[in-house]
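Pasted below: query10.txt, compact mmCIF, C-alpha atoms.
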# COMPACT_ATOMS: atom_id res chain seq x y z
CA MET A 20 -21.02 -43.32 31.75
CA ILE A 21 -23.15 -41.43 29.22
CA ILE A 22 -23.52 -42.79 25.68
CA ALA A 23 -25.03 -40.90 22.73
CA VAL A 24 -26.55 -42.53 19.63
CA PRO A 25 -27.98 -40.71 16.56
CA ALA A 26 -31.61 -41.87 16.37
CA GLU A 27 -34.21 -42.04 13.61
CA ASN A 28 -37.04 -42.10 16.20
CA GLN A 29 -37.45 -41.47 19.90
CA SER A 30 -37.36 -45.13 20.89
CA LEU A 31 -34.72 -47.65 21.96
CA ASP A 32 -36.09 -49.94 19.23
CA SER A 33 -35.31 -47.26 16.65
CA ALA A 34 -32.66 -47.71 13.99
CA ILE A 35 -29.48 -45.69 14.32
CA CYS A 36 -29.56 -42.77 11.91
CA GLN A 37 -27.10 -43.16 9.01
CA SER A 38 -26.11 -39.50 9.38
CA PHE A 39 -24.52 -38.10 12.53
CA GLY A 40 -24.89 -34.34 12.03
CA ARG A 41 -28.36 -34.52 10.53
CA ALA A 42 -29.90 -37.20 12.76
CA PRO A 43 -33.38 -36.08 13.91
CA PHE A 44 -32.68 -37.08 17.54
CA PHE A 45 -29.94 -38.25 19.83
CA CYS A 46 -30.51 -41.00 22.37
CA ILE A 47 -28.67 -40.17 25.61
CA TYR A 48 -28.15 -43.38 27.58
CA ASP A 49 -26.85 -43.42 31.16
CA THR A 50 -25.20 -46.77 31.92
CA GLU A 51 -25.32 -46.26 35.69
CA SER A 52 -29.05 -45.60 36.01
CA GLU A 53 -29.77 -47.70 32.85
CA SER A 54 -32.06 -44.90 31.77
CA SER A 55 -32.43 -43.23 28.39
CA ARG A 56 -33.82 -39.99 27.08
CA PHE A 57 -34.04 -38.41 23.64
CA ILE A 58 -33.06 -34.90 22.65
CA ASP A 59 -33.84 -33.01 19.44
CA ASN A 60 -30.86 -32.39 17.21
CA SER A 61 -30.92 -28.63 16.65
CA ALA A 62 -28.44 -29.09 13.77
CA LYS A 63 -30.56 -31.45 11.69
CA GLU A 64 -31.59 -28.78 9.17
CA ALA A 65 -28.55 -26.49 9.41
CA SER A 66 -27.39 -25.12 6.06
CA GLY A 67 -23.80 -25.91 6.99
CA GLY A 68 -21.69 -26.85 9.98
CA ALA A 69 -24.25 -29.44 11.13
CA GLY A 70 -21.58 -31.86 12.36
CA ILE A 71 -19.91 -29.19 14.50
CA GLU A 72 -23.22 -28.08 16.01
CA ALA A 73 -24.36 -31.64 16.74
CA ALA A 74 -20.99 -32.46 18.31
CA GLN A 75 -21.20 -29.32 20.49
CA LEU A 76 -24.67 -30.41 21.57
CA LEU A 77 -23.31 -33.80 22.73
CA VAL A 78 -20.26 -32.26 24.43
CA ASP A 79 -22.64 -29.99 26.36
CA GLN A 80 -24.53 -33.14 27.47
CA ASN A 81 -21.25 -34.47 28.94
CA VAL A 82 -21.35 -37.51 26.68
CA ASP A 83 -18.49 -39.99 27.22
CA ALA A 84 -19.02 -42.18 24.15
CA LEU A 85 -20.75 -41.90 20.77
CA ILE A 86 -22.01 -44.91 18.80
CA THR A 87 -22.43 -43.94 15.13
CA TYR A 88 -22.10 -45.39 11.63
CA ARG A 89 -19.94 -42.53 10.41
CA ILE A 90 -18.68 -39.11 11.37
CA GLY A 91 -17.15 -36.16 9.54
CA GLU A 92 -13.78 -34.63 10.31
CA ASN A 93 -15.12 -31.42 11.88
CA ALA A 94 -17.47 -33.21 14.27
CA ALA A 95 -14.68 -35.68 15.11
CA ARG A 96 -12.34 -32.79 15.96
CA VAL A 97 -14.87 -31.40 18.48
CA LEU A 98 -15.58 -34.80 20.04
CA LYS A 99 -11.91 -35.78 20.21
CA ALA A 100 -11.12 -32.47 21.96
CA ALA A 101 -13.69 -33.56 24.55
CA GLN A 102 -12.04 -37.02 24.66
CA THR A 103 -15.31 -38.66 23.63
CA THR A 104 -14.86 -42.33 22.69
CA LEU A 105 -16.05 -42.95 19.09
CA LEU A 106 -17.53 -46.39 18.36
CA LYS A 107 -18.70 -47.97 15.14
CA ALA A 108 -22.40 -48.88 15.16
CA VAL A 109 -23.64 -52.27 13.98
CA ASN A 110 -26.81 -52.64 11.93
CA LEU A 111 -29.12 -53.25 14.89
CA SER A 112 -31.46 -51.18 17.09
CA ILE A 113 -30.19 -48.55 19.52
CA ALA A 114 -30.87 -50.91 22.46
CA ASP A 115 -28.89 -53.76 20.83
CA ASN A 116 -25.99 -51.41 20.06
CA VAL A 117 -25.92 -50.25 23.68
CA ALA A 118 -25.97 -53.92 24.81
CA ASN A 119 -23.09 -54.70 22.43
CA PHE A 120 -21.19 -51.70 23.73
CA LEU A 121 -21.61 -52.82 27.35
CA GLU A 122 -20.21 -56.23 26.39
CA GLY A 123 -17.24 -54.50 24.76
CA LYS A 124 -18.21 -55.79 21.30
CA LEU A 125 -18.25 -52.51 19.37
CA PRO A 126 -15.07 -51.61 17.48
CA SER A 127 -13.72 -48.09 17.67
CA LEU A 128 -14.63 -45.79 14.76
CA ASP A 129 -11.43 -44.97 12.94
CA GLU A 130 -12.68 -43.87 9.53
CA ILE A 131 -13.35 -40.16 9.56
CA HIS A 132 -14.85 -38.83 6.32
CA SER A 133 -14.16 -35.35 5.00
CA GLY A 134 -17.78 -34.27 5.23
CA TYR A 135 -20.53 -33.72 2.69
CA HIS A 136 -20.19 -29.98 2.23
CA HIS A 137 -21.63 -27.99 -0.61
CA GLY A 138 -21.29 -24.42 -1.87
CA MET B 29 -21.34 3.46 -24.67
CA ALA B 30 -22.15 6.13 -22.10
CA GLU B 31 -24.84 4.25 -20.25
CA ASP B 32 -24.09 1.76 -17.46
CA ILE B 33 -25.48 -1.68 -18.21
CA THR B 34 -24.39 -5.07 -16.91
CA ILE B 35 -25.19 -8.31 -18.71
CA ALA B 36 -24.56 -11.62 -16.91
CA VAL B 37 -24.08 -14.71 -19.05
CA LEU B 38 -25.17 -17.79 -17.10
CA SER B 39 -25.89 -21.47 -17.51
CA GLY B 40 -27.30 -23.98 -15.09
CA LYS B 41 -24.44 -26.34 -15.93
CA GLY B 42 -20.90 -26.18 -17.22
CA GLY B 43 -20.08 -26.75 -20.86
CA THR B 44 -23.08 -25.07 -22.47
CA GLY B 45 -20.97 -22.46 -24.24
CA LYS B 46 -21.24 -19.68 -21.67
CA THR B 47 -17.62 -18.57 -21.93
CA MET B 48 -17.61 -18.86 -25.74
CA VAL B 49 -20.67 -16.59 -25.89
CA SER B 50 -19.29 -14.17 -23.25
CA VAL B 51 -15.87 -13.64 -24.80
CA ASN B 52 -17.24 -13.22 -28.31
CA LEU B 53 -19.90 -10.76 -27.11
CA ALA B 54 -17.17 -8.87 -25.24
CA ALA B 55 -14.90 -8.91 -28.30
CA VAL B 56 -17.53 -7.28 -30.52
CA ALA B 57 -18.54 -4.84 -27.78
CA GLY B 58 -15.25 -2.96 -28.08
CA ASN B 59 -15.05 -0.28 -25.40
CA ALA B 60 -16.54 -2.33 -22.57
CA THR B 61 -15.57 -4.48 -19.57
CA TYR B 62 -15.43 -8.28 -19.47
CA ILE B 63 -15.46 -9.87 -16.00
CA ASP B 64 -14.71 -13.56 -15.58
CA CYS B 65 -16.65 -14.54 -12.43
CA ASP B 66 -15.91 -18.25 -12.81
CA VAL B 67 -13.37 -17.86 -10.01
CA GLU B 68 -13.00 -21.61 -9.49
CA GLU B 69 -11.63 -22.06 -12.98
CA PRO B 70 -11.44 -18.83 -14.96
CA ASN B 71 -10.82 -19.40 -18.66
CA GLY B 72 -11.91 -16.24 -20.48
CA HIS B 73 -8.28 -15.12 -20.64
CA LEU B 74 -7.47 -18.13 -22.84
CA PHE B 75 -9.58 -16.50 -25.58
CA LEU B 76 -9.08 -12.79 -24.89
CA LYS B 77 -5.33 -13.16 -24.18
CA PRO B 78 -5.33 -9.86 -22.32
CA ALA B 79 -2.23 -7.74 -21.85
CA MET B 80 -1.95 -7.85 -18.05
CA LEU B 81 -1.97 -4.58 -16.14
CA SER B 82 -2.11 -5.57 -12.50
CA GLN B 83 -2.40 -8.41 -10.00
CA GLU B 84 -3.81 -8.03 -6.54
CA ILE B 85 -4.00 -10.63 -3.78
CA ILE B 86 -7.49 -10.76 -2.32
CA THR B 87 -7.63 -11.64 1.34
CA ILE B 88 -10.36 -12.68 3.68
CA GLY B 89 -10.61 -12.20 7.43
CA LYS B 90 -10.77 -15.22 9.74
CA PRO B 91 -10.87 -15.29 13.53
CA GLU B 92 -7.83 -16.23 15.59
CA VAL B 93 -8.08 -16.79 19.33
CA ASP B 94 -5.69 -15.76 22.08
CA ASN B 95 -6.09 -18.66 24.51
CA ARG B 96 -4.69 -16.57 27.38
CA LEU B 97 -7.67 -14.20 27.08
CA CYS B 98 -10.47 -16.64 26.07
CA ASP B 99 -12.41 -17.92 29.08
CA GLY B 100 -14.60 -20.31 27.05
CA CYS B 101 -17.82 -18.35 27.71
CA LYS B 102 -19.42 -19.63 24.43
CA ILE B 103 -20.93 -16.24 23.52
CA CYS B 104 -19.19 -16.39 20.12
CA SER B 105 -19.92 -20.05 19.38
CA ASP B 106 -23.59 -19.75 20.35
CA ALA B 107 -23.95 -16.69 18.11
CA CYS B 108 -22.07 -18.03 15.06
CA ALA B 109 -24.70 -18.53 12.34
CA PHE B 110 -22.40 -20.85 10.39
CA LYS B 111 -21.36 -23.06 13.33
CA ALA B 112 -17.70 -22.35 12.63
CA LEU B 113 -16.90 -22.23 16.35
CA ALA B 114 -17.19 -24.80 19.12
CA VAL B 115 -16.18 -24.70 22.78
CA VAL B 116 -14.89 -27.85 24.44
CA LYS B 117 -13.58 -27.89 27.99
CA LYS B 118 -13.60 -24.06 28.00
CA LYS B 119 -11.36 -24.04 24.92
CA LEU B 120 -12.44 -22.45 21.64
CA LEU B 121 -12.14 -24.51 18.44
CA ILE B 122 -12.21 -22.58 15.15
CA PHE B 123 -13.20 -24.10 11.79
CA PRO B 124 -11.88 -21.58 9.23
CA GLU B 125 -13.30 -23.44 6.20
CA ILE B 126 -16.83 -23.18 7.65
CA CYS B 127 -16.37 -19.48 8.61
CA HIS B 128 -18.07 -16.95 6.31
CA SER B 129 -15.99 -14.02 7.64
CA CYS B 130 -19.00 -12.12 8.99
CA GLY B 131 -16.95 -10.73 11.89
CA LEU B 132 -19.66 -11.21 14.52
CA CYS B 133 -17.37 -13.19 16.86
CA TYR B 134 -14.81 -10.38 17.21
CA THR B 135 -17.60 -7.91 17.84
CA LEU B 136 -19.20 -9.99 20.59
CA CYS B 137 -16.17 -11.34 22.47
CA PRO B 138 -16.28 -9.73 25.94
CA GLN B 139 -12.64 -10.69 26.60
CA GLY B 140 -11.20 -9.26 23.39
CA ALA B 141 -9.71 -12.71 22.80
CA LEU B 142 -10.55 -12.87 19.08
CA THR B 143 -8.75 -10.97 16.35
CA GLU B 144 -9.24 -10.93 12.61
CA VAL B 145 -6.34 -12.31 10.62
CA GLN B 146 -6.19 -11.77 6.85
CA GLN B 147 -5.61 -14.87 4.73
CA SER B 148 -5.04 -15.02 0.98
CA LEU B 149 -8.11 -16.25 -0.90
CA GLY B 150 -6.97 -15.71 -4.47
CA VAL B 151 -5.68 -13.26 -7.04
CA LEU B 152 -7.53 -10.59 -9.00
CA TYR B 153 -6.15 -9.77 -12.44
CA THR B 154 -6.84 -6.73 -14.58
CA GLY B 155 -5.79 -6.34 -18.17
CA HIS B 156 -7.08 -5.38 -21.59
CA HIS B 157 -7.79 -6.84 -25.00
CA GLU B 158 -7.67 -3.87 -27.40
CA ASP B 159 -10.35 -1.48 -26.03
CA LEU B 160 -11.89 -4.13 -23.84
CA ARG B 161 -11.07 -4.06 -20.11
CA VAL B 162 -10.61 -7.59 -18.80
CA LEU B 163 -11.06 -8.54 -15.14
CA ALA B 164 -10.67 -12.01 -13.71
CA ALA B 165 -10.03 -13.64 -10.37
CA GLU B 166 -8.71 -17.06 -9.49
CA MET B 167 -9.37 -18.70 -6.16
CA ASN B 168 -6.60 -20.58 -4.35
CA ILE B 169 -6.94 -24.36 -4.52
CA GLY B 170 -8.83 -25.81 -1.56
CA GLU B 171 -10.76 -22.69 -0.55
CA PRO B 172 -14.41 -23.39 0.29
CA SER B 173 -16.05 -20.25 -1.16
CA GLY B 174 -15.17 -17.76 -3.88
CA VAL B 175 -17.93 -15.30 -3.00
CA PRO B 176 -15.49 -12.68 -1.60
CA LEU B 177 -13.56 -12.82 -4.89
CA ILE B 178 -16.73 -12.02 -6.82
CA LYS B 179 -17.41 -9.13 -4.45
CA ALA B 180 -13.85 -7.89 -5.12
CA LEU B 181 -14.36 -8.17 -8.89
CA MET B 182 -17.60 -6.21 -8.67
CA SER B 183 -15.94 -3.45 -6.69
CA HIS B 184 -13.68 -2.94 -9.74
CA MET B 185 -16.61 -2.38 -12.13
CA SER B 186 -16.05 0.83 -14.01
CA GLY B 187 -19.39 1.64 -15.64
CA GLY B 188 -20.36 1.53 -19.28
CA LEU B 189 -21.19 -1.85 -20.77
CA THR B 190 -20.08 -4.81 -18.62
CA ILE B 191 -20.32 -8.42 -19.73
CA ILE B 192 -20.03 -10.92 -16.90
CA ASP B 193 -19.02 -14.49 -17.64
CA GLY B 194 -20.86 -16.18 -14.78
CA PRO B 195 -19.89 -19.22 -12.76
CA PRO B 196 -21.68 -22.45 -13.72
CA GLY B 197 -24.55 -23.78 -11.66
CA SER B 198 -27.09 -21.87 -9.60
CA GLY B 199 -25.41 -21.72 -6.17
CA CYS B 200 -23.87 -18.97 -4.01
CA LEU B 201 -21.38 -17.81 -6.64
CA VAL B 202 -24.08 -17.34 -9.27
CA HIS B 203 -26.32 -15.62 -6.74
CA GLU B 204 -23.55 -13.14 -5.93
CA THR B 205 -22.87 -12.56 -9.64
CA ILE B 206 -26.51 -11.89 -10.50
CA GLU B 207 -26.84 -9.25 -7.76
CA HIS B 208 -25.01 -6.83 -10.04
CA ALA B 209 -26.68 -7.72 -13.34
CA ASP B 210 -29.29 -5.70 -15.19
CA PHE B 211 -30.03 -8.57 -17.57
CA CYS B 212 -29.22 -12.29 -17.59
CA LEU B 213 -28.47 -14.26 -20.75
CA LEU B 214 -28.95 -17.97 -20.10
CA VAL B 215 -27.02 -20.28 -22.43
CA ALA B 216 -28.65 -23.70 -22.77
CA GLU B 217 -27.88 -27.01 -24.44
CA PRO B 218 -30.44 -29.07 -26.37
CA THR B 219 -30.45 -31.97 -23.90
CA ARG B 220 -32.67 -33.14 -21.03
CA PHE B 221 -29.81 -32.48 -18.62
CA GLY B 222 -29.40 -29.01 -20.12
CA GLU B 223 -33.11 -28.37 -19.70
CA GLN B 224 -33.05 -29.39 -16.01
CA ASN B 225 -30.18 -27.03 -15.27
CA LEU B 226 -31.69 -24.24 -17.34
CA ALA B 227 -34.82 -24.55 -15.20
CA LEU B 228 -32.77 -24.20 -11.99
CA VAL B 229 -30.94 -21.06 -13.07
CA HIS B 230 -34.16 -19.63 -14.56
CA ARG B 231 -35.84 -20.09 -11.18
CA LEU B 232 -32.95 -18.29 -9.50
CA VAL B 233 -33.01 -15.25 -11.82
CA THR B 234 -36.81 -15.09 -11.55
CA LEU B 235 -36.58 -15.19 -7.75
CA MET B 236 -34.09 -12.34 -7.87
CA GLY B 237 -36.31 -10.30 -10.18
CA LYS B 238 -33.78 -10.17 -13.00
CA PRO B 239 -34.97 -9.94 -16.61
CA ALA B 240 -33.61 -12.86 -18.62
CA ALA B 241 -33.67 -14.56 -21.99
CA VAL B 242 -32.21 -17.81 -23.27
CA LEU B 243 -29.75 -18.44 -26.07
CA LEU B 244 -30.29 -21.95 -27.42
CA ASN B 245 -26.77 -23.18 -28.18
CA LYS B 246 -25.64 -26.21 -30.22
CA THR B 247 -29.06 -26.62 -31.81
CA THR B 248 -29.71 -29.34 -34.37
CA GLY B 249 -32.87 -30.30 -36.21
CA ASP B 250 -33.85 -32.61 -33.34
CA PRO B 251 -36.41 -31.73 -30.64
CA ASN B 252 -34.82 -29.36 -28.12
CA PRO B 253 -35.89 -29.89 -24.47
CA SER B 254 -34.47 -26.47 -23.48
CA GLU B 255 -36.53 -24.78 -26.21
CA ALA B 256 -39.64 -26.62 -25.00
CA TYR B 257 -38.91 -25.50 -21.43
CA ALA B 258 -38.47 -21.86 -22.47
CA LYS B 259 -41.74 -21.85 -24.44
CA ALA B 260 -43.67 -23.53 -21.63
CA ASN B 261 -42.30 -21.21 -18.93
CA GLY B 262 -42.43 -17.77 -20.53
CA LEU B 263 -38.65 -17.48 -20.93
CA PRO B 264 -37.96 -15.42 -24.07
CA ILE B 265 -35.73 -17.11 -26.67
CA ILE B 266 -33.35 -14.37 -27.78
CA ALA B 267 -31.38 -16.43 -30.32
CA SER B 268 -30.33 -19.87 -31.48
CA LEU B 269 -26.80 -20.86 -32.35
CA PRO B 270 -26.75 -24.02 -34.48
CA TRP B 271 -24.07 -26.64 -33.88
CA ASP B 272 -21.08 -25.92 -36.13
CA ASP B 273 -17.90 -28.01 -36.33
CA GLU B 274 -15.91 -24.96 -37.36
CA LEU B 275 -17.05 -22.95 -34.30
CA ALA B 276 -16.07 -25.90 -32.08
CA ARG B 277 -12.66 -26.19 -33.77
CA VAL B 278 -11.83 -22.48 -33.49
CA THR B 279 -13.03 -22.32 -29.87
CA SER B 280 -11.14 -25.45 -28.85
CA ARG B 281 -7.86 -23.89 -29.93
CA GLY B 282 -8.57 -20.83 -27.77
CA ALA B 283 -9.43 -18.41 -30.58
CA LEU B 284 -12.30 -15.96 -30.93
CA ILE B 285 -14.66 -16.98 -33.73
CA THR B 286 -15.63 -13.31 -34.14
CA GLU B 287 -12.04 -12.47 -35.07
CA GLU B 288 -11.81 -15.24 -37.65
CA HIS B 289 -15.21 -15.31 -39.36
CA GLY B 290 -17.10 -12.22 -40.49
CA ALA B 291 -20.41 -14.08 -40.35
CA TYR B 292 -19.93 -14.79 -36.65
CA ARG B 293 -18.78 -11.21 -36.01
CA GLN B 294 -22.09 -10.15 -37.55
CA TYR B 295 -24.00 -12.77 -35.52
CA PHE B 296 -22.55 -11.64 -32.18
CA SER B 297 -22.92 -7.92 -33.02
CA THR B 298 -26.59 -8.50 -33.77
CA LEU B 299 -26.95 -10.62 -30.61
CA LEU B 300 -25.40 -7.86 -28.49
CA ALA B 301 -27.72 -5.25 -30.03
CA THR B 302 -30.73 -7.49 -29.36
CA ILE B 303 -29.64 -8.10 -25.75
CA LEU B 304 -29.22 -4.35 -25.14
CA LYS B 305 -32.64 -3.67 -26.64
CA GLU B 306 -34.21 -6.36 -24.42
CA ALA B 307 -32.34 -5.06 -21.37
CA HIS B 308 -33.65 -1.55 -22.02
CA ARG B 309 -37.19 -2.76 -22.43
CA ALA B 310 -37.02 -4.73 -19.17
Whole structure, structure tokens version:
Amino acid sequence: MIIAVPAENQSLDSAICQSFGRAPFFCIYDTESESSRFIDNSAKEASGGAGIEAAQLLVDQNVDALITYRIGENAARVLKAAQTTLLKAVNLSIADNVANFLEGKLPSLDEIHSGYHHG
Amino acid sequence: MAEDITIAVLSGKGGTGKTMVSVNLAAVAGNATYIDCDVEEPNGHLFLKPAMLSQEIITIGKPEVDNRLCDGCKICSDACAFKALAVVKKKLLIFPEICHSCGLCYTLCPQGALTEVQQSLGVLYTGHHEDLRVLAAEMNIGEPSGVPLIKALMSHMSGGLTIIDGPPGSGCLVHETIEHADFCLLVAEPTRFGEQNLALVHRLVTLMGKPAAVLLNKTTGDPNPSEAYAKANGLPIIASLPWDDELARVTSRGALITEEHGAYRQYFSTLLATILKEAHRA
């Protein structure tokens, strides 16, 4: 199973980024090999549509689950179409969130916000 | 007025008196055109009470996919500059409210799976107030961008003197409005907040190479941050309009001060003449 987490820094000790679409990096964690890698988020400075682009990026990485604090409705639509499981992050490091996930302790993310768009 | 000249009245923020200044300038201009570009909440008609001539629904093109033809190749979604398209499990997802209607996706689709469908964006009104032509547009509730409505308004410009009542702020709508202006009149309040927003819109008009001057509205005897900004940043002060309870009362009941008070008719006639002189010099 492949898990994605929006990351402030390229480290498992990093905090989870508060923003999904504009996170600097995504941690891609493979539960089978217990290995992780970090990818740049090409959407982080997009003028609009960042959530959609970031979600497309994760879909293209064949991600099965996303651990995040929050997500906008457009990104959620893309990830739900891909049947990605959305989980609510807790205020701990990426590594601790992954550990919590593996123990089944993370709740599903049900609150979808309407985005922070501007004209 | 034989010569074509377009004056845009702007403010960094709402509530500075932009519409009050625009409609009264337009009223004294006589044979001219007034365009209300505040398409999110047009209100110039409340003052000019134009006799309506026509209404036209303005539409905007958005992509629609034929899933029988789309093979999920991602050429369109990779090319979309606005990220209004995504492809999941070979299926195209379209986000119409993110789409800027550029049309690139239909052009690129190798399968011919995308077609442009026209959707209503708002209504464009034309009318007149005595000799003054009045144009306005109102965007449908919930639409993300009124820029195409401003483009539609501008395509109806008929030459001569045009006074544009700009949208508030300094974003896309204002940018689109300024494109067509020969001169920008910035209306500013005597507050710190007013000064901050004046600075933003002044930066925008400077960036776009448009000559501009500020009208200091609602002035009192107290220090005026907007005046200090203008003096420190080489923005000409074209006029001041002192706070006046009577002007506020007349305006708040939707009347034109220039049609009720000769002194204000004189004030706005002089202001218009000064603006035209400045616009010529620029």
Residue hits in chain B, query chain A, radius 7 Å, only C-alpha atoms, as a compact mmCIF listing (two decimals) with C-alpha atoms, keeping the file's coordinate frame:
# COMPACT_ATOMS: atom_id res chain seq x y z
CA PHE B 110 -22.40 -20.85 10.39
CA LYS B 111 -21.36 -23.06 13.33
CA ALA B 112 -17.70 -22.35 12.63
CA ALA B 114 -17.19 -24.80 19.12
CA VAL B 116 -14.89 -27.85 24.44
CA LYS B 117 -13.58 -27.89 27.99
CA ILE B 126 -16.83 -23.18 7.65
CA SER B 173 -16.05 -20.25 -1.16
CA GLY B 199 -25.41 -21.72 -6.17
CA CYS B 200 -23.87 -18.97 -4.01
Worksheet item: Which distance in Å separates atom CA of B:Leu226 and atom CA of B:Pro239, to one decimal?
Response: 14.7 Å
Identify, on the basis of only C-alpha atoms, every residue whose closest approach to A:Tyr88 does not exceed 10 Å; exclude the query and any residue fewer than 5 positions from it along the same chain; express the result as a CSV table (one decimal) with C-alpha atoms, keeping the file's coordinate frame.
chain,number,residue,atom,x,y,z
A,24,VAL,CA,-26.6,-42.5,19.6
A,25,PRO,CA,-28.0,-40.7,16.6
A,35,ILE,CA,-29.5,-45.7,14.3
A,36,CYS,CA,-29.6,-42.8,11.9
A,37,GLN,CA,-27.1,-43.2,9.0
A,38,SER,CA,-26.1,-39.5,9.4
A,39,PHE,CA,-24.5,-38.1,12.5
A,105,LEU,CA,-16.0,-43.0,19.1
A,106,LEU,CA,-17.5,-46.4,18.4
A,107,LYS,CA,-18.7,-48.0,15.1
A,108,ALA,CA,-22.4,-48.9,15.2
A,109,VAL,CA,-23.6,-52.3,14.0
A,110,ASN,CA,-26.8,-52.6,11.9
A,128,LEU,CA,-14.6,-45.8,14.8
A,130,GLU,CA,-12.7,-43.9,9.5
Per residue of stretch 141-247 of chain B within 12 Å of stretch 301-306 of chain B, what are the shortest atom pair and its distance in Å to one decimal, counting only C-alpha atoms, with rows by chain and residue number, as a Markdown table?
| residue | atom | partner | partner_atom | distance |
| --- | --- | --- | --- | --- |
| B:Leu189 | CA | B:Leu304 | CA | 9.5 |
| B:Thr190 | CA | B:Leu304 | CA | 11.2 |
| B:Ile191 | CA | B:Ile303 | CA | 11.1 |
| B:Asp210 | CA | B:Leu304 | CA | 10.0 |
| B:Phe211 | CA | B:Ile303 | CA | 8.2 |
| B:Cys212 | CA | B:Ile303 | CA | 9.2 |
| B:Leu213 | CA | B:Ile303 | CA | 8.0 |
| B:Leu214 | CA | B:Ile303 | CA | 11.4 |
| B:Pro239 | CA | B:Glu306 | CA | 8.6 |
| B:Ala240 | CA | B:Glu306 | CA | 8.7 |
| B:Ala241 | CA | B:Ile303 | CA | 8.5 |
| B:Val242 | CA | B:Ile303 | CA | 10.3 |
| B:Leu243 | CA | B:Ile303 | CA | 10.3 |
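The spacing separating atom CA of B:Arg281 from atom CA of B:Phe75 amounts to 8.7 Å.
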Any idea what's packed within 12 Å of B:Met182, counting all atoms listed in the file, ignoring anything in its chain fewer than 5 positions away? Could you give it as an mmCIF file with C-alpha atoms, in the coordinates of the input?
data_model
loop_
_atom_site.group_PDB
_atom_site.id
_atom_site.type_symbol
_atom_site.label_atom_id
_atom_site.label_comp_id
_atom_site.auth_asym_id
_atom_site.auth_seq_id
_atom_site.Cartn_x
_atom_site.Cartn_y
_atom_site.Cartn_z
ATOM 1 C CA THR B 34 -24.390 -5.070 -16.910
ATOM 2 C CA THR B 61 -15.570 -4.480 -19.570
ATOM 3 C CA TYR B 62 -15.430 -8.280 -19.470
ATOM 4 C CA ILE B 63 -15.460 -9.870 -16.000
ATOM 5 C CA ASP B 64 -14.710 -13.560 -15.580
ATOM 6 C CA CYS B 65 -16.650 -14.540 -12.430
ATOM 7 C CA LEU B 152 -7.530 -10.590 -9.000
ATOM 8 C CA LEU B 163 -11.060 -8.540 -15.140
ATOM 9 C CA ALA B 164 -10.670 -12.010 -13.710
ATOM 10 C CA ALA B 165 -10.030 -13.640 -10.370
ATOM 11 C CA VAL B 175 -17.930 -15.300 -3.000
ATOM 12 C CA PRO B 176 -15.490 -12.680 -1.600
ATOM 13 C CA LEU B 177 -13.560 -12.820 -4.890
ATOM 14 C CA GLY B 187 -19.390 1.640 -15.640
ATOM 15 C CA THR B 190 -20.080 -4.810 -18.620
ATOM 16 C CA ILE B 191 -20.320 -8.420 -19.730
ATOM 17 C CA ILE B 192 -20.030 -10.920 -16.900
ATOM 18 C CA GLU B 204 -23.550 -13.140 -5.930
ATOM 19 C CA THR B 205 -22.870 -12.560 -9.640
ATOM 20 C CA ILE B 206 -26.510 -11.890 -10.500
ATOM 21 C CA GLU B 207 -26.840 -9.250 -7.760
ATOM 22 C CA HIS B 208 -25.010 -6.830 -10.040
ATOM 23 C CA ALA B 209 -26.680 -7.720 -13.340
#
Discussion item. (-27.8, -31.6, -22.5) in this file's frame - what residues fall within 10 Å of it? Use only C-alpha atoms and give the answer as a PyMOL selection string.
Written reply: chain B and resi 41+43-44+216-226+246+252-254
Just-selected residues, C-alpha atoms written as an mmCIF file, in the coordinates of the input:
data_model
loop_
_atom_site.group_PDB
_atom_site.id
_atom_site.type_symbol
_atom_site.label_atom_id
_atom_site.label_comp_id
_atom_site.auth_asym_id
_atom_site.auth_seq_id
_atom_site.Cartn_x
_atom_site.Cartn_y
_atom_site.Cartn_z
ATOM 1 C CA LYS B 41 -24.440 -26.340 -15.930
ATOM 2 C CA GLY B 43 -20.080 -26.750 -20.860
ATOM 3 C CA THR B 44 -23.080 -25.070 -22.470
ATOM 4 C CA ALA B 216 -28.650 -23.700 -22.770
ATOM 5 C CA GLU B 217 -27.880 -27.010 -24.440
ATOM 6 C CA PRO B 218 -30.440 -29.070 -26.370
ATOM 7 C CA THR B 219 -30.450 -31.970 -23.900
ATOM 8 C CA ARG B 220 -32.670 -33.140 -21.030
ATOM 9 C CA PHE B 221 -29.810 -32.480 -18.620
ATOM 10 C CA GLY B 222 -29.400 -29.010 -20.120
ATOM 11 C CA GLU B 223 -33.110 -28.370 -19.700
ATOM 12 C CA GLN B 224 -33.050 -29.390 -16.010
ATOM 13 C CA ASN B 225 -30.180 -27.030 -15.270
ATOM 14 C CA LEU B 226 -31.690 -24.240 -17.340
ATOM 15 C CA LYS B 246 -25.640 -26.210 -30.220
ATOM 16 C CA ASN B 252 -34.820 -29.360 -28.120
ATOM 17 C CA PRO B 253 -35.890 -29.890 -24.470
ATOM 18 C CA SER B 254 -34.470 -26.470 -23.480
#
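For A:Glu53, the list of residues within 12 Å, based on all atoms listed in the file and with local chain neighbours fewer than 4 positions off taken out, reads Met20, Ile21, Ile22, Leu31, Ile47, Tyr48, Asp49, Ala114, Val117, Ala118 and Leu121 of chain A.
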All residues 6 Å or closer to A:Ser112, all atoms listed in the file, same chain fewer than 2 positions away omitted, as an mmCIF file with C-alpha atoms, in the frame of the given file:
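File result06.cif, as written:
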data_model
loop_
_atom_site.group_PDB
_atom_site.id
_atom_site.type_symbol
_atom_site.label_atom_id
_atom_site.label_comp_id
_atom_site.auth_asym_id
_atom_site.auth_seq_id
_atom_site.Cartn_x
_atom_site.Cartn_y
_atom_site.Cartn_z
ATOM 1 C CA ASP A 32 -36.090 -49.940 19.230
ATOM 2 C CA SER A 33 -35.310 -47.260 16.650
ATOM 3 C CA ALA A 34 -32.660 -47.710 13.990
ATOM 4 C CA ALA A 114 -30.870 -50.910 22.460
ATOM 5 C CA ASP A 115 -28.890 -53.760 20.830
#
